[in-house]
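J.: Input final.cif, format and content: mmCIF, C-alpha atoms.
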```
data_input
#
loop_
_atom_site.label_atom_id
_atom_site.label_comp_id
_atom_site.auth_asym_id
_atom_site.auth_seq_id
_atom_site.Cartn_x
_atom_site.Cartn_y
_atom_site.Cartn_z
CA MET A 4 3.98 2.86 18.39
CA PRO A 5 6.14 5.48 16.66
CA THR A 6 5.54 6.04 12.94
CA VAL A 7 9.30 6.07 12.22
CA MET A 8 12.22 4.25 13.80
CA LEU A 9 15.91 5.16 13.84
CA GLU A 10 18.36 2.32 13.17
CA ASN A 11 22.07 2.77 13.71
CA HIS A 12 24.59 1.70 11.09
CA GLY A 13 27.72 3.39 12.37
CA PRO A 14 27.97 6.86 10.82
CA ILE A 15 24.91 6.20 8.65
CA ALA A 16 21.36 6.57 9.97
CA VAL A 17 18.59 4.39 8.63
CA ILE A 18 15.16 5.88 9.30
CA ARG A 19 12.53 3.21 8.81
CA LEU A 20 8.95 4.21 8.12
CA SER A 21 6.87 2.11 10.51
CA ASN A 22 3.35 3.48 10.25
CA GLY A 23 1.55 0.20 9.62
CA VAL A 24 1.70 -1.87 6.45
CA THR A 25 1.10 1.00 4.01
CA ASN A 26 3.05 3.78 5.79
CA PRO A 27 0.47 6.52 5.11
CA ILE A 28 1.67 10.10 5.54
CA GLY A 29 -0.38 11.99 8.12
CA LYS A 30 0.24 14.77 10.64
CA ARG A 31 1.96 12.61 13.27
CA PHE A 32 4.10 10.88 10.63
CA VAL A 33 5.32 14.23 9.28
CA GLU A 34 6.11 15.51 12.76
CA GLU A 35 8.01 12.37 13.79
CA LEU A 36 9.97 11.99 10.55
CA SER A 37 10.86 15.70 10.59
CA ALA A 38 12.09 15.44 14.18
CA ALA A 39 14.14 12.31 13.41
CA ILE A 40 15.84 13.98 10.45
CA ILE A 41 16.64 17.11 12.44
CA ASP A 42 18.14 14.93 15.19
CA ILE A 43 20.51 13.13 12.83
CA LYS A 44 21.34 16.07 10.55
CA ASP A 45 24.51 17.14 12.38
CA GLN A 46 25.29 13.80 14.03
CA ARG A 47 25.45 11.36 11.11
CA LYS A 48 27.32 11.34 7.83
CA GLY A 49 24.53 9.88 5.71
CA LEU A 50 20.86 8.88 5.68
CA VAL A 51 18.88 5.99 4.21
CA LEU A 52 15.08 6.08 4.22
CA ALA A 53 13.45 2.64 4.19
CA GLY A 54 9.99 1.14 4.55
CA ASN A 55 8.79 -2.46 4.50
CA THR A 56 8.57 -5.12 1.79
CA LYS A 57 4.99 -4.21 0.86
CA PHE A 58 5.11 -0.43 0.95
CA PHE A 59 7.79 2.20 1.23
CA SER A 60 4.77 4.50 1.50
CA ILE A 61 1.34 4.60 -0.10
CA GLY A 62 1.38 8.40 0.11
CA LEU A 63 -0.86 10.84 1.95
CA ASP A 64 -3.15 9.42 4.63
CA VAL A 65 -6.22 10.35 2.60
CA PRO A 66 -8.91 8.84 4.90
CA ASN A 67 -7.74 10.89 7.90
CA LEU A 68 -6.78 14.01 5.98
CA LEU A 69 -10.31 14.19 4.57
CA LEU A 70 -11.50 14.79 8.14
CA LEU A 71 -9.50 18.04 8.40
CA GLY A 72 -10.87 21.51 7.79
CA ARG A 73 -9.13 23.87 5.39
CA ASP A 74 -6.87 25.54 7.97
CA GLU A 75 -5.81 22.22 9.48
CA MET A 76 -5.14 20.75 6.06
CA ALA A 77 -3.13 23.82 5.06
CA ASP A 78 -0.99 23.43 8.20
CA PHE A 79 -0.42 19.75 7.42
CA TRP A 80 0.49 20.51 3.83
CA ARG A 81 3.05 23.15 4.81
CA GLY A 82 4.57 20.67 7.25
CA PHE A 83 4.83 17.98 4.56
CA GLU A 84 6.45 20.41 2.11
CA ASP A 85 8.91 21.50 4.81
CA LEU A 86 9.77 17.83 5.41
CA VAL A 87 10.38 17.13 1.71
CA LEU A 88 12.48 20.27 1.34
CA CYS A 89 14.48 19.31 4.44
CA VAL A 90 15.28 15.87 3.01
CA TYR A 91 16.11 17.34 -0.40
CA THR A 92 18.54 19.94 0.98
CA LEU A 93 20.21 17.86 3.73
CA PRO A 94 23.95 18.54 3.56
CA ILE A 95 24.69 14.80 3.86
CA PRO A 96 24.21 12.08 1.21
CA THR A 97 20.78 10.43 1.21
CA ALA A 98 19.22 7.37 -0.39
CA CYS A 99 15.79 5.77 -0.48
CA ALA A 100 15.59 1.97 -0.25
CA MET A 101 12.23 0.94 -1.71
CA ALA A 102 11.52 -2.71 -0.92
CA GLY A 103 7.82 -1.97 -1.50
CA HIS A 104 5.53 0.37 -3.45
CA ALA A 105 6.11 4.14 -3.41
CA THR A 106 3.14 6.17 -4.62
CA GLY A 107 1.99 9.78 -4.28
CA GLY A 108 3.63 11.37 -1.26
CA GLY A 109 5.79 8.26 -0.81
CA ALA A 110 7.25 8.76 -4.28
CA ILE A 111 7.81 12.44 -3.44
CA LEU A 112 9.89 11.48 -0.40
CA ALA A 113 11.90 9.15 -2.63
CA LEU A 114 12.49 11.95 -5.15
CA ALA A 115 13.86 14.13 -2.37
CA CYS A 116 16.74 11.69 -1.81
CA ASP A 117 20.00 11.81 -3.76
CA TYR A 118 19.69 8.14 -4.79
CA ARG A 119 16.91 5.60 -5.11
CA PHE A 120 17.15 1.81 -5.05
CA VAL A 121 14.16 -0.47 -5.60
CA ALA A 122 13.52 -4.17 -5.18
CA GLY A 123 12.62 -6.01 -8.37
CA GLY A 124 9.28 -7.68 -9.03
CA LYS A 125 5.85 -6.22 -8.47
CA ARG A 126 6.86 -2.87 -6.99
CA LEU A 127 5.29 0.29 -8.36
CA ILE A 128 6.38 3.93 -8.28
CA ALA A 129 3.88 6.62 -9.19
CA LEU A 130 2.87 10.24 -8.87
CA ASN A 131 -0.84 9.47 -9.12
CA GLU A 132 -2.21 12.75 -7.74
CA VAL A 133 -4.07 13.87 -10.87
CA LYS A 134 -5.98 10.58 -10.99
CA ILE A 135 -7.39 11.27 -7.52
CA GLY A 136 -8.23 14.89 -8.20
CA VAL A 137 -5.29 16.98 -6.97
CA PRO A 138 -2.27 18.46 -8.75
CA VAL A 139 1.22 17.03 -8.60
CA PRO A 140 2.99 19.44 -6.22
CA TYR A 141 5.34 21.93 -7.84
CA LEU A 142 8.25 20.86 -5.63
CA ALA A 143 7.76 17.24 -6.72
CA ASP A 144 7.62 18.33 -10.36
CA LEU A 145 10.88 20.28 -10.03
CA MET A 146 12.67 17.39 -8.35
CA LEU A 147 11.35 14.85 -10.87
CA ARG A 148 12.42 16.91 -13.90
CA GLN A 149 15.91 17.23 -12.42
CA ILE A 150 16.13 13.42 -12.50
CA VAL A 151 14.28 12.26 -15.65
CA THR A 152 13.42 13.65 -19.07
CA ASP A 153 10.42 15.86 -19.70
CA ARG A 154 8.59 13.07 -21.54
CA VAL A 155 8.97 10.66 -18.64
CA ALA A 156 7.75 13.35 -16.26
CA VAL A 157 4.72 14.03 -18.48
CA GLU A 158 3.77 10.35 -18.51
CA MET A 159 4.15 10.03 -14.75
CA GLU A 160 2.36 13.26 -13.87
CA PHE A 161 -0.30 13.88 -16.52
CA ARG A 162 -1.41 10.26 -16.81
CA SER A 163 -0.69 9.22 -13.23
CA GLY A 164 1.48 6.52 -14.74
CA PHE A 165 2.84 3.66 -12.64
CA LEU A 166 6.40 2.49 -13.31
CA GLY A 167 7.73 -0.94 -12.41
CA PRO A 168 11.36 -1.36 -11.31
CA ASP A 169 12.86 -2.04 -14.75
CA ASP A 170 11.02 0.84 -16.42
CA ALA A 171 11.99 3.13 -13.55
CA LYS A 172 15.63 2.14 -14.02
CA ALA A 173 15.46 2.67 -17.79
CA ALA A 174 13.95 6.13 -17.21
CA GLY A 175 16.72 7.07 -14.79
CA LEU A 176 14.28 7.39 -11.92
CA VAL A 177 16.09 4.78 -9.79
CA ASP A 178 19.78 4.02 -9.54
CA GLY A 179 19.51 0.28 -9.09
CA VAL A 180 17.11 -2.66 -9.15
CA CYS A 181 18.00 -5.24 -6.51
CA THR A 182 16.62 -8.30 -4.82
CA GLU A 183 14.37 -7.65 -1.85
CA GLU A 184 17.17 -8.76 0.46
CA GLU A 185 19.78 -6.52 -1.15
CA VAL A 186 17.97 -3.22 -1.63
CA GLU A 187 18.88 -1.70 1.72
CA THR A 188 22.42 -3.03 1.54
CA ARG A 189 22.92 -1.35 -1.84
CA ALA A 190 21.60 1.94 -0.49
CA LEU A 191 23.87 1.72 2.55
CA GLU A 192 26.89 0.90 0.39
CA ARG A 193 26.31 3.94 -1.82
CA ILE A 194 25.82 6.30 1.10
CA SER A 195 28.78 4.88 3.01
CA GLU A 196 30.98 5.52 -0.02
CA LEU A 197 29.86 9.14 -0.21
CA ALA A 198 30.01 9.64 3.55
CA ALA A 199 33.74 8.93 3.34
CA MET A 200 34.21 12.00 1.14
CA PRO A 201 35.29 15.33 2.70
CA ALA A 202 32.04 16.50 4.32
CA THR A 203 32.27 20.24 3.62
CA ALA A 204 33.14 19.75 -0.04
CA PHE A 205 30.25 17.34 -0.44
CA ALA A 206 27.76 19.65 1.31
CA LEU A 207 28.71 22.66 -0.79
CA THR A 208 28.54 20.62 -3.99
CA LYS A 209 25.09 19.36 -3.04
CA GLN A 210 23.99 22.95 -2.51
CA HIS A 211 24.79 23.64 -6.17
CA ARG A 212 22.25 21.00 -7.19
CA THR A 213 19.49 21.91 -4.76
CA ARG A 214 19.68 25.70 -4.52
CA GLU A 215 17.80 26.58 -7.70
CA VAL A 216 14.95 24.12 -7.13
CA ALA A 217 14.49 25.29 -3.53
CA SER A 218 14.55 28.94 -4.60
CA ARG A 219 12.05 28.50 -7.42
CA PHE A 220 9.67 26.62 -5.13
CA LYS A 221 9.84 29.13 -2.29
CA ALA A 222 9.26 32.09 -4.61
CA ILE A 223 5.70 31.02 -5.47
CA ARG A 224 4.90 28.64 -2.62
CA GLN A 225 2.14 30.73 -1.05
CA ASP A 226 0.13 31.05 -4.27
CA LEU A 227 0.64 27.40 -5.13
CA ASN A 228 -0.58 26.27 -1.72
CA GLN A 229 -3.70 28.40 -2.04
CA ALA A 230 -4.44 26.75 -5.40
CA PHE A 231 -3.75 23.28 -3.95
CA MET A 232 -6.21 23.87 -1.12
CA ASP A 233 -8.84 25.17 -3.56
CA CYS A 234 -8.42 21.99 -5.58
CA TRP A 235 -8.38 19.65 -2.55
CA PHE A 236 -11.66 21.06 -1.21
CA ALA A 237 -13.44 21.31 -4.57
CA PRO A 238 -16.51 18.99 -4.64
CA ALA A 239 -15.25 16.99 -7.63
CA ALA A 240 -11.85 16.37 -6.00
CA GLN A 241 -13.46 15.47 -2.68
CA ALA A 242 -15.52 12.80 -4.42
CA LEU A 243 -12.42 11.30 -6.05
CA LEU A 244 -10.45 11.49 -2.81
CA LYS A 245 -13.26 9.73 -0.90
CA GLU A 246 -13.23 6.98 -3.51
CA ALA A 247 -9.45 6.67 -3.15
CA ALA A 248 -9.81 6.52 0.65
CA THR A 249 -11.76 3.27 0.37
CA LYS A 250 -8.58 1.57 -0.92
CA PHE A 251 -6.58 2.28 2.25
#
```
Show this structure as structure tokens.
T.:
Amino acid sequence: MPTVMLENHGPIAVIRLSNGVTNPIGKRFVEELSAAIIDIKDQRKGLVLAGNTKFFSIGLDVPNLLLLGRDEMADFWRGFEDLVLCVYTLPIPTACAMAGHATGGGAILALACDYRFVAGGKRLIALNEVKIGVPVPYLADLMLRQIVTDRVAVEMEFRSGFLGPDDAKAAGLVDGVCTEEEVETRALERISELAAMPATAFALTKQHRTREVASRFKAIRQDLNQAFMDCWFAPAAQALLKEAATKF
């Protein structure tokens, strides 16, 4: 079974995460989602990322990633960052339709989109990396602070805070709270509206928003990744990550 599936909606592509109930992000997932996005980049006028009604994505596939050595983990991490940066800088409008939870790496994928819509009820959005022993990635931090205030970012990052739909909307993190049945429709409506705009003008305007974040990230990426790997493989972090893996 593929970990992602492409659904056609005329000029808009819906890429559905289909890696089991929790949609964990592992090596194969990154490779398949990256390939799907590259395939649609010049063929579609917009993109919606969607999951299932329980999870958009739980985040990194911690149980399997813990089996990797340092070089393998570093390769995976670079691939994941490349994926996030690709989504963030796509020259077409993008939206994330979260009918389920989005935590850790799942929330990072959502942040990379231009718009975010979430189903109401017991859905949670969180950057909970610090709680499980690793830093919130710099790219995620830059994208988050472009969307919400510094105080909201501090609460989400430093305290690994979980936001429900209404709090996420109040913080400006999501653009709409919908019923479970409507969340993907709302995302498609927003992207269809933008896809009707002159494509070149839209793409250049989007570059204005994404250029500085991408540049700042790339300038110190190598050093940051070294520090991330040091943290990931530190004994204290490994213990916390192994505890977190039992919840998958």
J.: Report, in Å to a single decimal, how far apart CA of Ala198 in chain A and CA of Lys57 in chain A are.
T.: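 It comes out at 28.7 Å.
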J.: Taking all atoms listed in the file into account, which of A:Ala98, A:Gly62, A:Arg224, A:Asp153 comes nearest Ile111 in chain A?
T.: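 Closest residue, counting all atoms listed in the file: A:Gly62.
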J.: Which residues come within 7 Å of Ser60 in chain A, counting all atoms listed in the file, excluding same-chain residues fewer than 5 positions away, as a list in words?
T.: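 Using all atoms listed in the file, the neighbours found are Thr25, Asn26, Pro27, Gly54, His104, Ala105, Thr106 and Gly109 of chain A.
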J.: Report as a ChimeraX atom specification the full result of the PyMOL selection byres ((chain A and resi 236) around 10) when it is applied to this structure.
T.: /A:69,72-73,76,136-137,231-235,237-242,244
J.: In Å, with one decimal, what is the gap from CA of Leu114 in chain A to CA of Lys245 in chain A?
T.: 26.2 Å
J.: Taking the file as shown, what set of residues would the PyMOL selection byres ((chain A and resi 133) around 12) give back, as a list of chain:residue names?
T.: A:Gly107, A:Ala129, A:Leu130, A:Asn131, A:Glu132, A:Lys134, A:Ile135, A:Gly136, A:Val137, A:Pro138, A:Val139, A:Pro140, A:Val157, A:Glu158, A:Met159, A:Glu160, A:Phe161, A:Arg162, A:Ser163, A:Gly164, A:Phe231, A:Cys234, A:Trp235, A:Ala240, A:Leu243, A:Leu244, A:Ala247
J.: Keeping only C-alpha atoms, write the selected residues as an mmCIF file, in the frame of the given file.
T.:
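Dumped everything to out_0.cif:
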```cif
data_model
loop_
_atom_site.group_PDB
_atom_site.id
_atom_site.type_symbol
_atom_site.label_atom_id
_atom_site.label_comp_id
_atom_site.auth_asym_id
_atom_site.auth_seq_id
_atom_site.Cartn_x
_atom_site.Cartn_y
_atom_site.Cartn_z
ATOM 1 C CA GLY A 107 1.990 9.780 -4.280
ATOM 2 C CA ALA A 129 3.880 6.620 -9.190
ATOM 3 C CA LEU A 130 2.870 10.240 -8.870
ATOM 4 C CA ASN A 131 -0.840 9.470 -9.120
ATOM 5 C CA GLU A 132 -2.210 12.750 -7.740
ATOM 6 C CA LYS A 134 -5.980 10.580 -10.990
ATOM 7 C CA ILE A 135 -7.390 11.270 -7.520
ATOM 8 C CA GLY A 136 -8.230 14.890 -8.200
ATOM 9 C CA VAL A 137 -5.290 16.980 -6.970
ATOM 10 C CA PRO A 138 -2.270 18.460 -8.750
ATOM 11 C CA VAL A 139 1.220 17.030 -8.600
ATOM 12 C CA PRO A 140 2.990 19.440 -6.220
ATOM 13 C CA VAL A 157 4.720 14.030 -18.480
ATOM 14 C CA GLU A 158 3.770 10.350 -18.510
ATOM 15 C CA MET A 159 4.150 10.030 -14.750
ATOM 16 C CA GLU A 160 2.360 13.260 -13.870
ATOM 17 C CA PHE A 161 -0.300 13.880 -16.520
ATOM 18 C CA ARG A 162 -1.410 10.260 -16.810
ATOM 19 C CA SER A 163 -0.690 9.220 -13.230
ATOM 20 C CA GLY A 164 1.480 6.520 -14.740
ATOM 21 C CA PHE A 231 -3.750 23.280 -3.950
ATOM 22 C CA CYS A 234 -8.420 21.990 -5.580
ATOM 23 C CA TRP A 235 -8.380 19.650 -2.550
ATOM 24 C CA ALA A 240 -11.850 16.370 -6.000
ATOM 25 C CA LEU A 243 -12.420 11.300 -6.050
ATOM 26 C CA LEU A 244 -10.450 11.490 -2.810
ATOM 27 C CA ALA A 247 -9.450 6.670 -3.150
#
```
J.: Pick out the closest residue to Leu176 in chain A from this set: A:Ala110, A:Thr208, A:Ile223, A:Pro5. Count all atoms listed in the file.
T.: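 Of A:Ala110, A:Thr208, A:Ile223, A:Pro5, the one nearest Leu176 in chain A, counting all atoms listed in the file, is A:Ala110.
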J.: Starting from the sparse input, extend range 32-58 of chain A to N, CA and C atoms and give the output as a PDB file, in the frame of the given file.
T.:
```pdb
ATOM      1  N   PHE A  32       2.992  11.403  11.428  1.00  0.00           N
ATOM      2  CA  PHE A  32       4.100  10.880  10.630  1.00  0.00           C
ATOM      3  C   PHE A  32       5.045  11.997  10.229  1.00  0.00           C
ATOM      4  N   VAL A  33       4.496  13.098   9.715  1.00  0.00           N
ATOM      5  CA  VAL A  33       5.320  14.230   9.280  1.00  0.00           C
ATOM      6  C   VAL A  33       6.105  14.798  10.458  1.00  0.00           C
ATOM      7  N   GLU A  34       5.439  14.952  11.588  1.00  0.00           N
ATOM      8  CA  GLU A  34       6.110  15.510  12.760  1.00  0.00           C
ATOM      9  C   GLU A  34       7.247  14.597  13.230  1.00  0.00           C
ATOM     10  N   GLU A  35       7.001  13.287  13.274  1.00  0.00           N
ATOM     11  CA  GLU A  35       8.010  12.370  13.790  1.00  0.00           C
ATOM     12  C   GLU A  35       9.169  12.183  12.819  1.00  0.00           C
ATOM     13  N   LEU A  36       8.884  12.116  11.522  1.00  0.00           N
ATOM     14  CA  LEU A  36       9.970  11.990  10.550  1.00  0.00           C
ATOM     15  C   LEU A  36      10.792  13.277  10.502  1.00  0.00           C
ATOM     16  N   SER A  37      10.138  14.418  10.574  1.00  0.00           N
ATOM     17  CA  SER A  37      10.860  15.700  10.590  1.00  0.00           C
ATOM     18  C   SER A  37      11.787  15.782  11.792  1.00  0.00           C
ATOM     19  N   ALA A  38      11.279  15.389  12.969  1.00  0.00           N
ATOM     20  CA  ALA A  38      12.090  15.440  14.180  1.00  0.00           C
ATOM     21  C   ALA A  38      13.278  14.482  14.087  1.00  0.00           C
ATOM     22  N   ALA A  39      13.060  13.290  13.537  1.00  0.00           N
ATOM     23  CA  ALA A  39      14.140  12.310  13.410  1.00  0.00           C
ATOM     24  C   ALA A  39      15.242  12.826  12.487  1.00  0.00           C
ATOM     25  N   ILE A  40      14.846  13.469  11.400  1.00  0.00           N
ATOM     26  CA  ILE A  40      15.840  13.980  10.450  1.00  0.00           C
ATOM     27  C   ILE A  40      16.621  15.131  11.054  1.00  0.00           C
ATOM     28  N   ILE A  41      15.943  16.008  11.774  1.00  0.00           N
ATOM     29  CA  ILE A  41      16.640  17.110  12.440  1.00  0.00           C
ATOM     30  C   ILE A  41      17.632  16.581  13.460  1.00  0.00           C
ATOM     31  N   ASP A  42      17.251  15.516  14.172  1.00  0.00           N
ATOM     32  CA  ASP A  42      18.140  14.930  15.190  1.00  0.00           C
ATOM     33  C   ASP A  42      19.419  14.377  14.589  1.00  0.00           C
ATOM     34  N   ILE A  43      19.328  13.780  13.404  1.00  0.00           N
ATOM     35  CA  ILE A  43      20.510  13.130  12.830  1.00  0.00           C
ATOM     36  C   ILE A  43      21.309  14.054  11.912  1.00  0.00           C
ATOM     37  N   LYS A  44      20.750  15.196  11.571  1.00  0.00           N
ATOM     38  CA  LYS A  44      21.340  16.070  10.550  1.00  0.00           C
ATOM     39  C   LYS A  44      22.807  16.388  10.814  1.00  0.00           C
ATOM     40  N   ASP A  45      23.134  16.738  12.059  1.00  0.00           N
ATOM     41  CA  ASP A  45      24.510  17.140  12.380  1.00  0.00           C
ATOM     42  C   ASP A  45      25.281  16.048  13.118  1.00  0.00           C
ATOM     43  N   GLN A  46      24.657  14.876  13.273  1.00  0.00           N
ATOM     44  CA  GLN A  46      25.290  13.800  14.030  1.00  0.00           C
ATOM     45  C   GLN A  46      25.717  12.621  13.166  1.00  0.00           C
ATOM     46  N   ARG A  47      25.140  12.485  11.993  1.00  0.00           N
ATOM     47  CA  ARG A  47      25.450  11.360  11.110  1.00  0.00           C
ATOM     48  C   ARG A  47      26.012  11.860   9.783  1.00  0.00           C
ATOM     49  N   LYS A  48      26.680  10.967   9.090  1.00  0.00           N
ATOM     50  CA  LYS A  48      27.320  11.340   7.830  1.00  0.00           C
ATOM     51  C   LYS A  48      26.500  10.949   6.607  1.00  0.00           C
ATOM     52  N   GLY A  49      25.384  10.280   6.824  1.00  0.00           N
ATOM     53  CA  GLY A  49      24.530   9.880   5.710  1.00  0.00           C
ATOM     54  C   GLY A  49      23.201   9.379   6.220  1.00  0.00           C
ATOM     55  N   LEU A  50      22.223   9.298   5.311  1.00  0.00           N
ATOM     56  CA  LEU A  50      20.860   8.880   5.680  1.00  0.00           C
ATOM     57  C   LEU A  50      20.300   7.949   4.619  1.00  0.00           C
ATOM     58  N   VAL A  51      19.662   6.871   5.079  1.00  0.00           N
ATOM     59  CA  VAL A  51      18.880   5.990   4.210  1.00  0.00           C
ATOM     60  C   VAL A  51      17.456   5.956   4.753  1.00  0.00           C
ATOM     61  N   LEU A  52      16.493   6.227   3.879  1.00  0.00           N
ATOM     62  CA  LEU A  52      15.080   6.080   4.220  1.00  0.00           C
ATOM     63  C   LEU A  52      14.614   4.715   3.718  1.00  0.00           C
ATOM     64  N   ALA A  53      13.924   3.970   4.561  1.00  0.00           N
ATOM     65  CA  ALA A  53      13.450   2.640   4.190  1.00  0.00           C
ATOM     66  C   ALA A  53      12.039   2.430   4.713  1.00  0.00           C
ATOM     67  N   GLY A  54      11.330   1.485   4.104  1.00  0.00           N
ATOM     68  CA  GLY A  54       9.990   1.140   4.550  1.00  0.00           C
ATOM     69  C   GLY A  54       9.916  -0.337   4.874  1.00  0.00           C
ATOM     70  N   ASN A  55       8.890  -1.011   4.335  1.00  0.00           N
ATOM     71  CA  ASN A  55       8.790  -2.460   4.500  1.00  0.00           C
ATOM     72  C   ASN A  55       8.696  -3.110   3.122  1.00  0.00           C
ATOM     73  N   THR A  56       8.531  -4.416   3.074  1.00  0.00           N
ATOM     74  CA  THR A  56       8.570  -5.120   1.790  1.00  0.00           C
ATOM     75  C   THR A  56       7.269  -5.000   1.004  1.00  0.00           C
ATOM     76  N   LYS A  57       6.234  -4.443   1.607  1.00  0.00           N
ATOM     77  CA  LYS A  57       4.990  -4.210   0.860  1.00  0.00           C
ATOM     78  C   LYS A  57       4.880  -2.763   0.394  1.00  0.00           C
ATOM     79  N   PHE A  58       5.186  -1.837   1.288  1.00  0.00           N
ATOM     80  CA  PHE A  58       5.110  -0.430   0.950  1.00  0.00           C
ATOM     81  C   PHE A  58       6.290   0.340   1.533  1.00  0.00           C
TER      82      PHE A  58
END
```
